[in-house]
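Participant: Structure: query10.cif, mmCIF, C-alpha atoms.
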data_entry
#
loop_
_atom_site.group_PDB
_atom_site.id
_atom_site.type_symbol
_atom_site.label_atom_id
_atom_site.label_comp_id
_atom_site.auth_asym_id
_atom_site.auth_seq_id
_atom_site.Cartn_x
_atom_site.Cartn_y
_atom_site.Cartn_z
ATOM 1 C CA LEU A 212 59.076 52.276 12.817
ATOM 2 C CA LEU A 213 60.667 48.810 13.047
ATOM 3 C CA LYS A 214 64.166 50.285 12.685
ATOM 4 C CA ARG A 215 63.402 52.806 15.419
ATOM 5 C CA LEU A 216 62.094 50.079 17.763
ATOM 6 C CA GLU A 217 65.140 47.976 16.969
ATOM 7 C CA ARG A 218 67.510 50.818 17.809
ATOM 8 C CA MET A 219 65.665 51.433 21.103
ATOM 9 C CA THR A 220 66.124 47.824 22.168
ATOM 10 C CA LEU A 221 69.813 47.581 21.263
ATOM 11 C CA SER A 222 72.816 48.944 23.122
ATOM 12 C CA SER A 223 73.195 52.712 23.239
ATOM 13 C CA LYS A 224 76.990 52.350 22.590
ATOM 14 C CA ASP A 225 76.522 50.816 19.163
ATOM 15 C CA PRO A 226 72.800 51.022 18.266
ATOM 16 C CA LEU A 227 73.085 49.206 14.927
ATOM 17 C CA SER A 228 75.270 46.281 15.998
ATOM 18 C CA ARG A 229 73.818 42.834 16.637
ATOM 19 C CA SER A 230 76.497 41.007 18.575
ATOM 20 C CA SER A 231 75.799 37.573 20.025
ATOM 21 C CA GLU A 232 76.023 39.131 23.486
ATOM 22 C CA GLU A 233 73.134 41.474 22.667
ATOM 23 C CA LYS A 234 71.026 38.625 21.310
ATOM 24 C CA LYS A 235 71.446 36.748 24.591
ATOM 25 C CA ARG A 236 69.970 39.502 26.723
ATOM 26 C CA PRO A 237 67.202 37.817 28.674
ATOM 27 C CA CYS A 238 63.815 39.442 29.028
ATOM 28 C CA SER A 239 63.122 40.283 32.672
ATOM 29 C CA LEU A 240 59.783 38.487 32.367
ATOM 30 C CA ALA A 241 61.237 35.289 30.924
ATOM 31 C CA TYR A 242 61.789 33.811 34.355
ATOM 32 C CA GLN A 243 60.392 34.050 37.883
ATOM 33 C CA LYS A 244 61.742 37.094 39.661
ATOM 34 C CA ALA A 245 61.485 37.737 43.380
ATOM 35 C CA CYS A 246 60.107 41.225 42.762
ATOM 36 C CA CYS A 247 57.007 40.300 40.713
ATOM 37 C CA GLY A 248 57.153 36.562 40.053
ATOM 38 C CA GLY A 249 57.667 37.229 36.346
ATOM 39 C CA LYS A 250 54.281 38.946 35.918
ATOM 40 C CA GLY A 251 55.744 42.396 35.245
ATOM 41 C CA PHE A 252 53.569 44.148 37.812
ATOM 42 C CA ARG A 253 53.122 44.084 41.570
ATOM 43 C CA LEU A 254 49.927 44.153 43.601
ATOM 44 C CA LYS A 255 49.346 46.141 46.748
ATOM 45 C CA SER A 256 46.465 47.377 48.841
ATOM 46 C CA LYS A 257 45.957 51.068 48.242
ATOM 47 C CA GLY A 258 43.001 52.813 49.828
ATOM 48 C CA MET A 259 39.667 51.084 49.256
ATOM 49 C CA PHE A 260 40.769 48.979 46.299
ATOM 50 C CA ALA A 261 43.504 46.594 45.236
ATOM 51 C CA HIS A 262 46.142 48.342 43.155
ATOM 52 C CA ALA A 263 48.649 47.136 40.540
ATOM 53 C CA GLU A 264 51.767 48.958 39.391
ATOM 54 C CA LEU A 265 54.358 48.131 36.770
ATOM 55 C CA CYS A 266 57.397 46.450 38.318
ATOM 56 C CA SER A 267 60.772 48.184 38.202
ATOM 57 C CA CYS A 268 62.282 45.069 36.577
ATOM 58 C CA VAL A 269 60.284 45.853 33.415
ATOM 59 C CA GLU A 270 61.602 49.415 33.307
ATOM 60 C CA LYS A 271 65.186 48.130 33.735
ATOM 61 C CA CYS A 272 64.842 45.185 31.331
ATOM 62 C CA GLU A 273 67.912 44.922 29.075
ATOM 63 C CA ALA A 274 65.992 43.151 26.315
ATOM 64 C CA CYS A 275 63.220 45.689 25.711
ATOM 65 C CA ARG A 276 64.354 48.749 27.684
ATOM 66 C CA GLY A 277 60.967 48.892 29.432
ATOM 67 C CA ARG A 278 58.947 49.137 26.227
ATOM 68 C CA MET A 279 57.656 45.552 26.452
ATOM 69 C CA ILE A 280 58.312 45.112 22.723
ATOM 70 C CA LEU A 281 61.080 42.917 21.366
ATOM 71 C CA VAL A 282 62.421 43.248 17.820
ATOM 72 C CA GLU A 283 63.789 40.026 16.372
ATOM 73 C CA ASN A 284 64.722 39.526 12.711
ATOM 74 C CA GLY A 285 62.965 42.750 11.771
ATOM 75 C CA LEU A 286 59.693 41.775 13.458
ATOM 76 C CA ALA A 287 58.269 43.448 16.540
ATOM 77 C CA ARG A 288 56.408 41.360 19.081
ATOM 78 C CA PRO A 289 55.219 41.894 22.639
ATOM 79 C CA CYS A 290 57.508 40.337 25.224
ATOM 80 C CA ARG A 291 54.549 39.100 27.237
ATOM 81 C CA LYS A 292 50.873 38.452 26.535
ATOM 82 C CA PRO A 293 48.872 39.957 28.042
ATOM 83 C CA ASN A 294 51.000 43.070 28.306
ATOM 84 C CA PRO A 295 51.892 43.791 31.988
ATOM 85 C CA LYS A 296 50.956 47.454 31.665
ATOM 86 C CA PHE A 297 47.574 46.506 30.185
ATOM 87 C CA THR A 298 46.974 43.891 32.898
ATOM 88 C CA ALA A 299 47.891 46.365 35.661
ATOM 89 C CA GLN A 300 45.400 48.860 34.226
ATOM 90 C CA LEU A 301 42.695 46.171 34.035
ATOM 91 C CA PHE A 302 43.427 45.316 37.665
ATOM 92 C CA ASN A 303 43.107 48.958 38.765
ATOM 93 C CA ASP A 304 39.840 49.373 36.853
ATOM 94 C CA ALA A 305 38.369 46.196 38.385
ATOM 95 C CA LYS A 306 37.800 47.839 41.812
ATOM 96 C CA ILE A 307 38.486 44.695 43.829
ATOM 97 C CA PRO A 308 38.179 45.549 47.543
ATOM 98 C CA SER A 309 41.559 46.141 49.148
ATOM 99 C CA ARG A 310 41.183 43.328 51.666
ATOM 100 C CA TYR A 311 41.004 40.811 48.789
ATOM 101 C CA THR A 312 44.095 42.043 46.929
ATOM 102 C CA PHE A 313 45.876 38.715 47.382
ATOM 103 C CA ALA A 314 42.853 36.367 47.412
ATOM 104 C CA LYS A 315 43.497 33.042 45.651
ATOM 105 C CA LEU A 316 41.133 30.110 45.201
ATOM 106 C CA ASP A 317 43.932 27.841 46.499
ATOM 107 C CA ASP A 318 43.851 29.781 49.785
ATOM 108 C CA PHE A 319 40.123 29.276 50.414
ATOM 109 C CA ASP A 320 39.983 27.580 53.802
ATOM 110 C CA ASN A 321 36.348 27.366 54.879
ATOM 111 C CA ASP A 322 36.118 23.684 55.786
ATOM 112 C CA THR A 323 32.484 23.868 56.833
ATOM 113 C CA GLY A 324 29.633 22.929 54.514
ATOM 114 C CA ASN A 325 30.260 22.473 50.801
ATOM 115 C CA GLY A 326 32.916 25.195 50.342
ATOM 116 C CA HIS A 327 35.549 22.985 48.744
ATOM 117 C CA SER A 328 33.135 21.350 46.301
ATOM 118 C CA ILE A 329 31.916 24.852 45.331
ATOM 119 C CA VAL A 330 35.516 25.898 44.607
ATOM 120 C CA ARG A 331 35.953 22.805 42.388
ATOM 121 C CA GLU A 332 32.753 23.678 40.491
ATOM 122 C CA ILE A 333 33.894 27.288 40.084
ATOM 123 C CA ARG A 334 37.251 26.151 38.665
ATOM 124 C CA ALA A 335 35.369 23.961 36.158
ATOM 125 C CA TRP A 336 33.110 26.925 35.245
ATOM 126 C CA GLU A 337 36.182 29.122 34.775
ATOM 127 C CA ARG A 338 37.714 26.597 32.351
ATOM 128 C CA ARG A 339 34.450 26.424 30.374
ATOM 129 C CA PHE A 340 33.944 30.194 30.371
ATOM 130 C CA HIS A 341 36.073 30.797 27.273
ATOM 131 C CA GLU A 342 33.938 28.314 25.318
ATOM 132 C CA ASN A 343 30.628 29.782 26.519
ATOM 133 C CA PRO A 344 31.096 33.339 27.868
ATOM 134 C CA GLU A 345 27.327 33.951 27.858
ATOM 135 C CA LYS A 346 26.739 31.597 30.783
ATOM 136 C CA GLY A 347 27.025 33.439 34.094
ATOM 137 C CA LEU A 348 27.620 32.328 37.644
ATOM 138 C CA ILE A 349 25.608 32.905 40.813
ATOM 139 C CA ILE A 350 26.943 32.088 44.264
ATOM 140 C CA TYR A 351 24.633 32.262 47.239
ATOM 141 C CA GLY A 352 24.895 31.418 50.904
ATOM 142 C CA THR A 353 24.775 32.857 54.392
ATOM 143 C CA VAL A 354 26.962 35.699 55.624
ATOM 144 C CA GLY A 355 30.619 34.857 56.251
ATOM 145 C CA VAL A 356 30.962 31.621 54.270
ATOM 146 C CA GLY A 357 33.452 33.101 51.769
ATOM 147 C CA LYS A 358 31.380 34.184 48.744
ATOM 148 C CA THR A 359 33.171 37.519 48.336
ATOM 149 C CA PHE A 360 36.583 35.915 48.813
ATOM 150 C CA ILE A 361 35.822 33.324 46.116
ATOM 151 C CA LEU A 362 34.564 35.949 43.664
ATOM 152 C CA ALA A 363 37.555 38.240 44.281
ATOM 153 C CA ALA A 364 39.935 35.306 43.735
ATOM 154 C CA LEU A 365 38.078 34.378 40.547
ATOM 155 C CA ALA A 366 38.252 37.992 39.358
ATOM 156 C CA ARG A 367 42.045 37.974 39.919
ATOM 157 C CA ASP A 368 42.406 34.782 37.876
ATOM 158 C CA PHE A 369 40.578 36.365 34.940
ATOM 159 C CA LEU A 370 42.510 39.633 35.215
ATOM 160 C CA PHE A 371 45.849 37.808 35.078
ATOM 161 C CA LYS A 372 44.683 36.296 31.775
ATOM 162 C CA GLY A 373 43.826 39.734 30.339
ATOM 163 C CA VAL A 374 40.041 39.435 30.780
ATOM 164 C CA SER A 375 38.414 42.692 31.928
ATOM 165 C CA VAL A 376 36.447 42.463 35.173
ATOM 166 C CA ARG A 377 34.468 44.896 37.319
ATOM 167 C CA PHE A 378 33.845 44.026 40.955
ATOM 168 C CA ILE A 379 30.844 45.724 42.558
ATOM 169 C CA ASP A 380 28.711 44.980 45.572
ATOM 170 C CA PHE A 381 25.023 44.688 44.657
ATOM 171 C CA PHE A 382 23.870 46.945 47.506
ATOM 172 C CA GLN A 383 26.479 49.528 46.531
ATOM 173 C CA LEU A 384 25.134 49.404 42.964
ATOM 174 C CA VAL A 385 21.535 49.900 44.121
ATOM 175 C CA THR A 386 22.630 52.832 46.310
ATOM 176 C CA GLN A 387 24.438 54.469 43.383
ATOM 177 C CA ILE A 388 21.386 54.051 41.129
ATOM 178 C CA ARG A 389 19.078 55.545 43.778
ATOM 179 C CA ALA A 390 21.473 58.473 44.212
ATOM 180 C CA SER A 391 21.431 59.051 40.458
ATOM 181 C CA TYR A 392 17.646 59.447 40.586
ATOM 182 C CA ALA A 393 17.959 62.064 43.332
ATOM 183 C CA LEU A 394 20.557 63.938 41.255
ATOM 184 C CA LYS A 395 18.414 63.527 38.117
ATOM 185 C CA GLU A 396 21.216 61.691 36.339
ATOM 186 C CA SER A 397 20.872 58.736 34.010
ATOM 187 C CA GLU A 398 21.360 55.309 35.582
ATOM 188 C CA GLN A 399 23.074 54.382 32.303
ATOM 189 C CA LYS A 400 26.126 56.330 33.487
ATOM 190 C CA ILE A 401 26.482 53.837 36.353
ATOM 191 C CA ILE A 402 25.476 50.690 34.472
ATOM 192 C CA GLN A 403 27.434 51.266 31.238
ATOM 193 C CA PRO A 404 30.915 50.669 32.771
ATOM 194 C CA LEU A 405 29.598 47.315 34.047
ATOM 195 C CA MET A 406 28.389 46.413 30.564
ATOM 196 C CA ASP A 407 31.681 47.408 28.931
ATOM 197 C CA VAL A 408 33.746 44.717 30.678
ATOM 198 C CA ASP A 409 33.973 41.006 29.914
ATOM 199 C CA ILE A 410 32.842 39.991 33.405
#
Would you put the structure from the file into structure tokens?
Facilitator:
Amino acid sequence: LLKRLERMTLSSKDPLSRSSEEKKRPCSLAYQKACCGGKGFRLKSKGMFAHAELCSCVEKCEACRGRMILVENGLARPCRKPNPKFTAQLFNDAKIPSRYTFAKLDDFDNDTGNGHSIVREIRAWERRFHENPEKGLIIYGTVGVGKTFILAALARDFLFKGVSVRFIDFFQLVTQIRASYALKESEQKIIQPLMDVDI
């Protein structure tokens, strides 16, 4: 398997050679690219939800030939952790509303009330999350203060780190559960996907 992976990542002209030129081939994700910023996938709004797709630079990468696996000294390793294809799939499964596709905590601009101190506290919670993933987070406030924006931005941060997230509106969840009763379906079918993700 290693030999096969090695042949796939080397030049098609001379698949077994290891010239210094071949060793110098840079991975497309090793530096910031205009197309995807070095992430390996691009985000766009598609329908109701934010959507991620693998960037063409990964498919055209001279180092891994789009397989996102590099073979060096007989050892295979991923060219990027988390894997861009995996991260894009996590992003698509997260169901972040389309209007928050590009939400970032740095872009939060509600200067009224305690918005900025809340963002600081959320950043601190995010840093601590990996030490204590059992401790959740509740944000509350009046309509229009930026709660959904903050949560969507936080979800994006986790997704970029390879943490699985599912974004769902509480009222939408209640409506789906009520509909399941009318259809005589188990509410577990709706709740289980929410339990199967990290956040």
Participant: When you count all atoms listed in the file, which of these residues is closest to Leu281 of chain A: A:Pro404, A:Pro237, A:Gly324, A:Gly347?
Facilitator: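 Among the listed residues, A:Pro237 lies closest to Leu281 of chain A.
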Participant: Any chance you could work out the residue set of the PyMOL selection byres ((chain A and resi 370) around 12) here, as a PyMOL selection string?
Facilitator: chain A and resi 250+263+293-295+297-307+363-369+371-378+408-410
Participant: What would the file look like if the residues just selected were written as an mmCIF file, in the coordinates of the input with C-alpha atoms?
Facilitator:
data_model
loop_
_atom_site.group_PDB
_atom_site.id
_atom_site.type_symbol
_atom_site.label_atom_id
_atom_site.label_comp_id
_atom_site.auth_asym_id
_atom_site.auth_seq_id
_atom_site.Cartn_x
_atom_site.Cartn_y
_atom_site.Cartn_z
ATOM 1 C CA LYS A 250 54.281 38.946 35.918
ATOM 2 C CA ALA A 263 48.649 47.136 40.540
ATOM 3 C CA PRO A 293 48.872 39.957 28.042
ATOM 4 C CA ASN A 294 51.000 43.070 28.306
ATOM 5 C CA PRO A 295 51.892 43.791 31.988
ATOM 6 C CA PHE A 297 47.574 46.506 30.185
ATOM 7 C CA THR A 298 46.974 43.891 32.898
ATOM 8 C CA ALA A 299 47.891 46.365 35.661
ATOM 9 C CA GLN A 300 45.400 48.860 34.226
ATOM 10 C CA LEU A 301 42.695 46.171 34.035
ATOM 11 C CA PHE A 302 43.427 45.316 37.665
ATOM 12 C CA ASN A 303 43.107 48.958 38.765
ATOM 13 C CA ASP A 304 39.840 49.373 36.853
ATOM 14 C CA ALA A 305 38.369 46.196 38.385
ATOM 15 C CA LYS A 306 37.800 47.839 41.812
ATOM 16 C CA ILE A 307 38.486 44.695 43.829
ATOM 17 C CA ALA A 363 37.555 38.240 44.281
ATOM 18 C CA ALA A 364 39.935 35.306 43.735
ATOM 19 C CA LEU A 365 38.078 34.378 40.547
ATOM 20 C CA ALA A 366 38.252 37.992 39.358
ATOM 21 C CA ARG A 367 42.045 37.974 39.919
ATOM 22 C CA ASP A 368 42.406 34.782 37.876
ATOM 23 C CA PHE A 369 40.578 36.365 34.940
ATOM 24 C CA PHE A 371 45.849 37.808 35.078
ATOM 25 C CA LYS A 372 44.683 36.296 31.775
ATOM 26 C CA GLY A 373 43.826 39.734 30.339
ATOM 27 C CA VAL A 374 40.041 39.435 30.780
ATOM 28 C CA SER A 375 38.414 42.692 31.928
ATOM 29 C CA VAL A 376 36.447 42.463 35.173
ATOM 30 C CA ARG A 377 34.468 44.896 37.319
ATOM 31 C CA PHE A 378 33.845 44.026 40.955
ATOM 32 C CA VAL A 408 33.746 44.717 30.678
ATOM 33 C CA ASP A 409 33.973 41.006 29.914
ATOM 34 C CA ILE A 410 32.842 39.991 33.405
#
Participant: List the residues matched by the PyMOL selection byres ((chain A and resi 258) around 12) in the displayed structure as a PyMOL selection string, ordered by chain and then by residue number.
Facilitator: chain A and resi 255-257+259-262+303+306-310+312
Participant: To verify the selection step, state as an MDAnalysis selection string which residues the PyMOL selection byres ((chain A and resi 265-270) around 9) yields on this input.
Facilitator: chainID A and resid 238:240 244 246:247 250:253 263:264 271:273 275:279 295:296 299
Participant: Pick from A:Ala245, A:Ala390, A:Leu286, A:Val330: nearest to Ile361 of chain A, with only C-alpha atoms counted?
Facilitator: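 Of all the options, A:Val330 lies closest to Ile361 of chain A.
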Participant: Counting only C-alpha atoms, which residue out of A:Phe340, A:Asp407, A:Ala241, A:Asp320 sits closest to Ala274 of chain A?
Facilitator: A:Ala241
Participant: Measure the distance from atom CA of His341 of chain A to atom CA of Tyr311 of chain A in Å and round it to one decimal.
Facilitator: 24.2 Å
Participant: In Å to one decimal, how far is atom CA of Gly248 of chain A from atom CA of Arg331 of chain A?
Facilitator: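 Between atom CA of Arg331 of chain A and atom CA of Gly248 of chain A the gap works out to 25.4 Å.
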Participant: Would you mind telling me which residue in A:Ile350, A:Val356, A:Ala393, A:Leu405 lies nearest to Thr323 of chain A when using all atoms listed in the file?
Facilitator: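 Ranked by minimum distance to Thr323 of chain A, first place goes to A:Val356.
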Participant: If you measure from atom CA of Lys315 of chain A to atom CA of Pro289 of chain A, what distance in Å do you get, rounded to one decimal?
Facilitator: 27.3 Å
Participant: Write out as a PyMOL selection string which residues come within 12 Å of Gly352 of chain A when counting all atoms listed in the file, dropping same-chain ones fewer than 3 positions away.
Facilitator: chain A and resi 324-326+329+349+355-359
Participant: When distances are computed from all atoms listed in the file, which of A:Phe360, A:Glu332, A:Ile388, A:Glu396 shows the smallest separation from Leu348 of chain A?
Facilitator: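 Nearest candidate to Leu348 of chain A out of A:Phe360, A:Glu332, A:Ile388, A:Glu396: A:Glu332.
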